[in-house]
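Okay, so here's the structure we're looking at.
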Amino acid sequence: MSMKTTTLPKRYHEAVLRWRDVFLPDYNFLIENWDKHFPNDQTFELCAYREMGMCTEIECGDMKGKPKAMKASELQPEQAHHLFGAIRAQASTEFGSIQQHRLTLARAQEEEEQFWVLRMMAEELRHGYQMLHLLAEDDWSSVSKDSTSDVIDDILSMNTGSHVLGAFNIDFDSFADNIVFCALIDRVGKYQLQMQKISAYQPMAESMPQMLREEAFHLAAGVVPMRRWATAAAKGETFVTMEVLQKTLNKWIPRGLEMFGDERGGASNVRMGLKPMKNAEAQQAYYKEVEKLVRDLNLRYLRARVENLNHGDSEAYLNRILAGETVEGVSREDLVHMPHAEFFRRRGVPAFRMVGSQGETFDSLPEYLKHLSRNLPESYLASRDYKDYVEALTQVTTGALTVEAATGRMPALRRVAGACPCSKSVRWVVDEPAVAAAQESVIQPVA
Amino acid sequence: MTETTPGITIRPLDEMDISDIVAIDEKIGGKYRPEVWERQIGYYLRRDPESSVVAEIDGKVAGFMLGEVRSGEFGLEEPTGWIEVLGVDPDHQGKSIGRRLAEAILEHFRQRGAHSVRTLVDEDKQADIRRFFGSLGFEPSTLRPFVKSL
């Protein structure tokens with residue numbers, strides 16, 4: 001196992017450094033305190049890593065067994081089109097998450113948790129850099145009319161609201177968002193990276209192993225604090241209650257599910273050797289994994305609430321509580337639960353269906369909105385993102401808009417001109433249906 | 001590094017293994033220590049998640065082995081693999097899980113450039129662990145731990 005380290009051409013590298021100065025101002029603070037929080041860990045370096053010695057034959061699809069493409073020009077046009085969209089979307093998510101995390105980073109209650117998130121942000125910057133490296137190293141002119149410089153400029157100009165995938169356009173309201181986002185949305189990232197590790201485009205496949213290694217810690221940076229919060233909540237020691245955790249899960253799980261793309265899609269990526277799983281298959285595996293996380297949080301809570309339990313007892317107690325019994329003063333309402341996979345969805349098969357957090361269905365819009373207001377974080381209910389959803393849902397229920405049109409008509413911040421990371425060249429726009437459809441084809445990196 | 005033989009899957013450690021590892025530790029030692037394992041697993045995941053492995057049976061962790069490749073310690077300049085923590089669920093002992101975990105971790109250490117692997121065993125209290133490492137070809141080393149009470 002060996003790795004090749006490279007840096008972007010100077011002008012792009014410096015553009016990323018300028019972006020970092022704007023959106024990751026605590027970077028120097030992280031580096032100055034690295035040894036205190038991560039003693040003996042290799043110091044962070046902004047560069048692209050490519051793993052050598054990986055499989056050189058296509059691992060799935062119609063061309064299984066044939067040599068992987070070393071250059072974009074060796075890809076079939078459809079492959080190149082999908083891949084270019086996926087790289088651009090991946091880059092957008094990496095930079096986008098940093099912009100979200102920085103809003104509430106200072107609100108961390110524990111220094112350790114804050115530094116874990118800060119390190120994760122620096123590594124997300126490197127992941128974005130890795131994707132820019134893929135764009136800058138190759139010639140994508142067959143699938144993009146924009147120059148490499150314009151594509152990179154476009155990515156670095158995106159801001160919360162103009163990113164390719166919905167989950168990266170939602171502002172964080174509290175440090176609970178930072179942590180739950182790491183545990184849930186980075187988990188989607190893990191699935192994407194794992195699938196892309198077998199990409200028929202060798203530079204993409206070679207980019208994944210180091211990103212996956214770093215992603216493993218990002219998930220821990222979410223899961224470990226959530227476990228600690230569940231314990232603290234059981235002891236009444238914290239402001240992060242199980243109710244806050246539940247509402248934050250409800251906010252992010254639907255967005256995580258949608259990041260896999262439409263449940264009916266993904267076959268073309270498998271056929272072209274770009275990913276080994278269709279969207280629905282990956283989404284279901286993700287849902288099951290998050291179910292385990294939720295059960296673990298409940299076990300942690302239960303052990304803190306009820307003393308002298310052993311592991312076997314706690315599993316049995318939890319099953320009884322989930323079945324509706326109150327055991328040792330703990331009831332189902334004290335615990336956290338998986339929201340139904342169709343709850344609060346705006347993309348994919350269940351988009352704009354009025355499905356409640358436990359799978360119940362609603363016929364009345366006001367009743368459904370009341371249900372949402374009881375099940376989502378209060379601060380999020382005041383957000384632009386939620387307002388847009390309610391407006392679109394209202395139009396769908398009155399028949400003024402089809403579900404497809406509603407999915408594409410959500411307003412988003414988009415870059416309309418300008419050319420620098422901190423440009424003021426973004427504004428709210430509403431896509432025309434044709435534009436929205438075109439965007440959709442690009443924003444489904446797993447479609 | 002994931003490999004599967006009938007009924008047992010060996011794969012890299014991940015953050016979702018914390019609960020199962022806490023449970024195994026509790027079965028072996030009788031103490032519930034989630035904080036210890038949350039910290040430990042956070043450490044190994046941020047250092048090199050592929051250097052630590054778990055054995056899975058029916059979707060549950062049945063054993064784990066945590067370690068990493070380091071260099072520049074104790075006069076050992078070359079990259080050296082260190083096996084630091086291991087545990088096998090008492091309900092699954094006798095299934096060669098420890099051996100399978102060791103084979104996987106040693107292979108990863110080789111890939112990371114290590115030419116040797118080391119561990120520390122308390123010979124008085126861990127005779128079974130001593131035998132286990134002996135069966136894998138580990139031999140006593142001249143690098144000895146020295147201890148002073150404070």
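In the structure tokens, chains take the letters A, B, ... in the order shown, each chain's residues start at 1, and ligands count up from 1 in the order shown.
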Worksheet item: What's the 6 Å shell around segment 87-90 of chain B, counting only C-alpha atoms, without same-chain residues fewer than 3 positions away, as a PyMOL selection string?
Response: chain B and resi 24+62-64+93
Would you export the selected residues with C-alpha atoms as a PDB file, in the first residue's frame, please?
```
ATOM      1  CA  ILE B  24     -17.918  -7.952  25.230  1.00  0.00           C
ATOM      2  CA  ALA B  62     -17.920 -11.363  18.407  1.00  0.00           C
ATOM      3  CA  GLY B  63     -14.328 -10.208  18.794  1.00  0.00           C
ATOM      4  CA  PHE B  64     -12.044  -7.249  18.251  1.00  0.00           C
ATOM      5  CA  GLN B  93     -14.577 -18.570  22.143  1.00  0.00           C
TER       6      GLN B  93
END
```
Discussion item. Show me, as a VMD selection string, every residue of chain B with an atom at most 7 Å from chain A, counting only C-alpha atoms.
Written reply: chain B and resid 14 to 16 19 23 38 42 45 to 49 111 to 112
Keeping only N, CA and C atoms, take the residues you just selected and write them out as a JSON list (two decimals), in the first residue's frame.
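Final file, again-v8.json:
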```
[["chain", "number", "residue", "atom", "x", "y", "z"],
["B", 14, "ASP", "N", -15.43, 0.09, 13.11],
["B", 14, "ASP", "CA", -16.08, 1.38, 12.87],
["B", 14, "ASP", "C", -16.80, 1.85, 14.13],
["B", 15, "GLU", "N", -17.30, 3.08, 14.07],
["B", 15, "GLU", "CA", -17.87, 3.71, 15.26],
["B", 15, "GLU", "C", -19.14, 3.01, 15.74],
["B", 16, "MET", "N", -19.78, 2.24, 14.87],
["B", 16, "MET", "CA", -21.00, 1.55, 15.27],
["B", 16, "MET", "C", -20.70, 0.30, 16.09],
["B", 19, "SER", "N", -20.96, -0.19, 20.95],
["B", 19, "SER", "CA", -21.88, -0.89, 21.88],
["B", 19, "SER", "C", -21.52, -2.36, 22.03],
["B", 23, "ALA", "N", -20.13, -4.33, 25.34],
["B", 23, "ALA", "CA", -20.80, -5.53, 25.87],
["B", 23, "ALA", "C", -19.82, -6.69, 26.05],
["B", 38, "GLU", "N", -15.53, 4.48, 24.18],
["B", 38, "GLU", "CA", -15.80, 5.61, 23.27],
["B", 38, "GLU", "C", -14.50, 6.37, 23.01],
["B", 42, "GLY", "N", -12.53, 6.10, 19.44],
["B", 42, "GLY", "CA", -12.29, 7.40, 18.79],
["B", 42, "GLY", "C", -10.83, 7.56, 18.44],
["B", 45, "LEU", "N", -9.87, 5.15, 15.48],
["B", 45, "LEU", "CA", -10.49, 5.56, 14.22],
["B", 45, "LEU", "C", -9.81, 6.80, 13.63],
["B", 46, "ARG", "N", -9.34, 7.68, 14.49],
["B", 46, "ARG", "CA", -8.71, 8.88, 13.93],
["B", 46, "ARG", "C", -7.28, 8.60, 13.51],
["B", 47, "ARG", "N", -6.65, 7.58, 14.08],
["B", 47, "ARG", "CA", -5.26, 7.26, 13.74],
["B", 47, "ARG", "C", -5.19, 6.47, 12.44],
["B", 48, "ASP", "N", -5.86, 5.34, 12.39],
["B", 48, "ASP", "CA", -5.88, 4.51, 11.18],
["B", 48, "ASP", "C", -6.97, 3.45, 11.34],
["B", 49, "PRO", "N", -8.16, 3.74, 10.84],
["B", 49, "PRO", "CA", -9.29, 2.83, 11.10],
["B", 49, "PRO", "C", -9.08, 1.43, 10.56],
["B", 111, "GLN", "N", 1.15, -4.43, 4.92],
["B", 111, "GLN", "CA", 0.85, -3.47, 3.85],
["B", 111, "GLN", "C", 1.27, -2.05, 4.22],
["B", 112, "ARG", "N", 1.24, -1.75, 5.50],
["B", 112, "ARG", "CA", 1.64, -0.41, 5.96],
["B", 112, "ARG", "C", 3.16, -0.32, 6.13]]
```
Worksheet item: Of the candidates B:Gly7, B:Gly59, B:Gly81, B:Gly137, which one gets nearest to His108 of chain B if we count only C-alpha atoms?
Response: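 Nearest to His108 of chain B: B:Gly81.
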Discussion item. Using only C-alpha atoms, which protein or nucleic acid residues come within 12 Å of Ile8 of chain B? Drop anything in the same chain fewer than 4 positions from it, and give the result as a list in words.
Written reply: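 Residues meeting the cut-off are Thr2, Glu3, Thr4, Val54, Ala55, Glu56, Ile57, Asp58, Gly59, Lys60, Val61, Ala62, Gly63, His92, Lys95, Ser96, Ile97, Gly98, Arg100 and Leu101 of chain B.
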Kindly save the residues from that selection, with N, CA and C atoms included, as a PDB file, in the first residue's frame.
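Listing of part28.pdb after writing:
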```pdb
ATOM      1  N   THR B   2     -12.165  -6.393   4.192  1.00  0.00           N
ATOM      2  CA  THR B   2     -13.222  -7.280   4.653  1.00  0.00           C
ATOM      3  C   THR B   2     -13.043  -8.679   4.071  1.00  0.00           C
ATOM      4  N   GLU B   3     -13.081  -9.702   4.910  1.00  0.00           N
ATOM      5  CA  GLU B   3     -13.009 -11.076   4.408  1.00  0.00           C
ATOM      6  C   GLU B   3     -14.012 -11.929   5.168  1.00  0.00           C
ATOM      7  N   THR B   4     -14.555 -12.879   4.477  1.00  0.00           N
ATOM      8  CA  THR B   4     -15.626 -13.680   5.062  1.00  0.00           C
ATOM      9  C   THR B   4     -15.317 -15.165   4.935  1.00  0.00           C
ATOM     10  N   VAL B  54     -12.581  -6.108  13.558  1.00  0.00           N
ATOM     11  CA  VAL B  54     -13.563  -6.829  14.366  1.00  0.00           C
ATOM     12  C   VAL B  54     -13.992  -8.081  13.607  1.00  0.00           C
ATOM     13  N   ALA B  55     -14.460  -9.076  14.379  1.00  0.00           N
ATOM     14  CA  ALA B  55     -15.051 -10.280  13.782  1.00  0.00           C
ATOM     15  C   ALA B  55     -16.544 -10.198  14.029  1.00  0.00           C
ATOM     16  N   GLU B  56     -17.307 -10.428  12.983  1.00  0.00           N
ATOM     17  CA  GLU B  56     -18.752 -10.305  13.085  1.00  0.00           C
ATOM     18  C   GLU B  56     -19.402 -11.663  12.846  1.00  0.00           C
ATOM     19  N   ILE B  57     -20.333 -12.024  13.728  1.00  0.00           N
ATOM     20  CA  ILE B  57     -21.129 -13.251  13.532  1.00  0.00           C
ATOM     21  C   ILE B  57     -22.597 -12.852  13.627  1.00  0.00           C
ATOM     22  N   ASP B  58     -23.373 -13.184  12.619  1.00  0.00           N
ATOM     23  CA  ASP B  58     -24.795 -12.831  12.576  1.00  0.00           C
ATOM     24  C   ASP B  58     -25.020 -11.346  12.839  1.00  0.00           C
ATOM     25  N   GLY B  59     -24.167 -10.519  12.266  1.00  0.00           N
ATOM     26  CA  GLY B  59     -24.359  -9.068  12.373  1.00  0.00           C
ATOM     27  C   GLY B  59     -23.930  -8.462  13.692  1.00  0.00           C
ATOM     28  N   LYS B  60     -23.374  -9.257  14.599  1.00  0.00           N
ATOM     29  CA  LYS B  60     -22.914  -8.701  15.879  1.00  0.00           C
ATOM     30  C   LYS B  60     -21.422  -8.948  16.038  1.00  0.00           C
ATOM     31  N   VAL B  61     -20.755  -8.009  16.694  1.00  0.00           N
ATOM     32  CA  VAL B  61     -19.320  -8.153  16.890  1.00  0.00           C
ATOM     33  C   VAL B  61     -19.065  -9.261  17.915  1.00  0.00           C
ATOM     34  N   ALA B  62     -18.228 -10.233  17.527  1.00  0.00           N
ATOM     35  CA  ALA B  62     -17.920 -11.363  18.407  1.00  0.00           C
ATOM     36  C   ALA B  62     -16.484 -11.284  18.916  1.00  0.00           C
ATOM     37  N   GLY B  63     -15.704 -10.374  18.348  1.00  0.00           N
ATOM     38  CA  GLY B  63     -14.328 -10.208  18.794  1.00  0.00           C
ATOM     39  C   GLY B  63     -13.720  -8.978  18.158  1.00  0.00           C
ATOM     40  N   HIS B  92     -18.412 -16.976  22.116  1.00  0.00           N
ATOM     41  CA  HIS B  92     -17.890 -17.372  20.802  1.00  0.00           C
ATOM     42  C   HIS B  92     -16.439 -17.826  20.870  1.00  0.00           C
ATOM     43  N   LYS B  95     -13.659 -20.594  18.454  1.00  0.00           N
ATOM     44  CA  LYS B  95     -13.974 -20.584  17.016  1.00  0.00           C
ATOM     45  C   LYS B  95     -12.840 -19.982  16.191  1.00  0.00           C
ATOM     46  N   SER B  96     -11.667 -19.898  16.779  1.00  0.00           N
ATOM     47  CA  SER B  96     -10.475 -19.332  16.104  1.00  0.00           C
ATOM     48  C   SER B  96     -10.672 -17.879  15.700  1.00  0.00           C
ATOM     49  N   ILE B  97     -11.532 -17.168  16.431  1.00  0.00           N
ATOM     50  CA  ILE B  97     -11.779 -15.764  16.081  1.00  0.00           C
ATOM     51  C   ILE B  97     -10.518 -14.926  16.311  1.00  0.00           C
ATOM     52  N   GLY B  98      -9.823 -15.177  17.434  1.00  0.00           N
ATOM     53  CA  GLY B  98      -8.599 -14.419  17.720  1.00  0.00           C
ATOM     54  C   GLY B  98      -7.558 -14.607  16.625  1.00  0.00           C
ATOM     55  N   ARG B 100      -8.104 -15.415  13.507  1.00  0.00           N
ATOM     56  CA  ARG B 100      -8.569 -14.755  12.281  1.00  0.00           C
ATOM     57  C   ARG B 100      -8.350 -13.245  12.364  1.00  0.00           C
ATOM     58  N   LEU B 101      -8.611 -12.690  13.526  1.00  0.00           N
ATOM     59  CA  LEU B 101      -8.389 -11.255  13.713  1.00  0.00           C
ATOM     60  C   LEU B 101      -6.909 -10.930  13.555  1.00  0.00           C
TER      61      LEU B 101
END
```
Worksheet item: What gap, in Å, lies between atom CA of Gly67 of chain B and atom CA of Met208 of chain A?
Response: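 For atom CA of Gly67 of chain B relative to atom CA of Met208 of chain A, the distance reads 22.5 Å.
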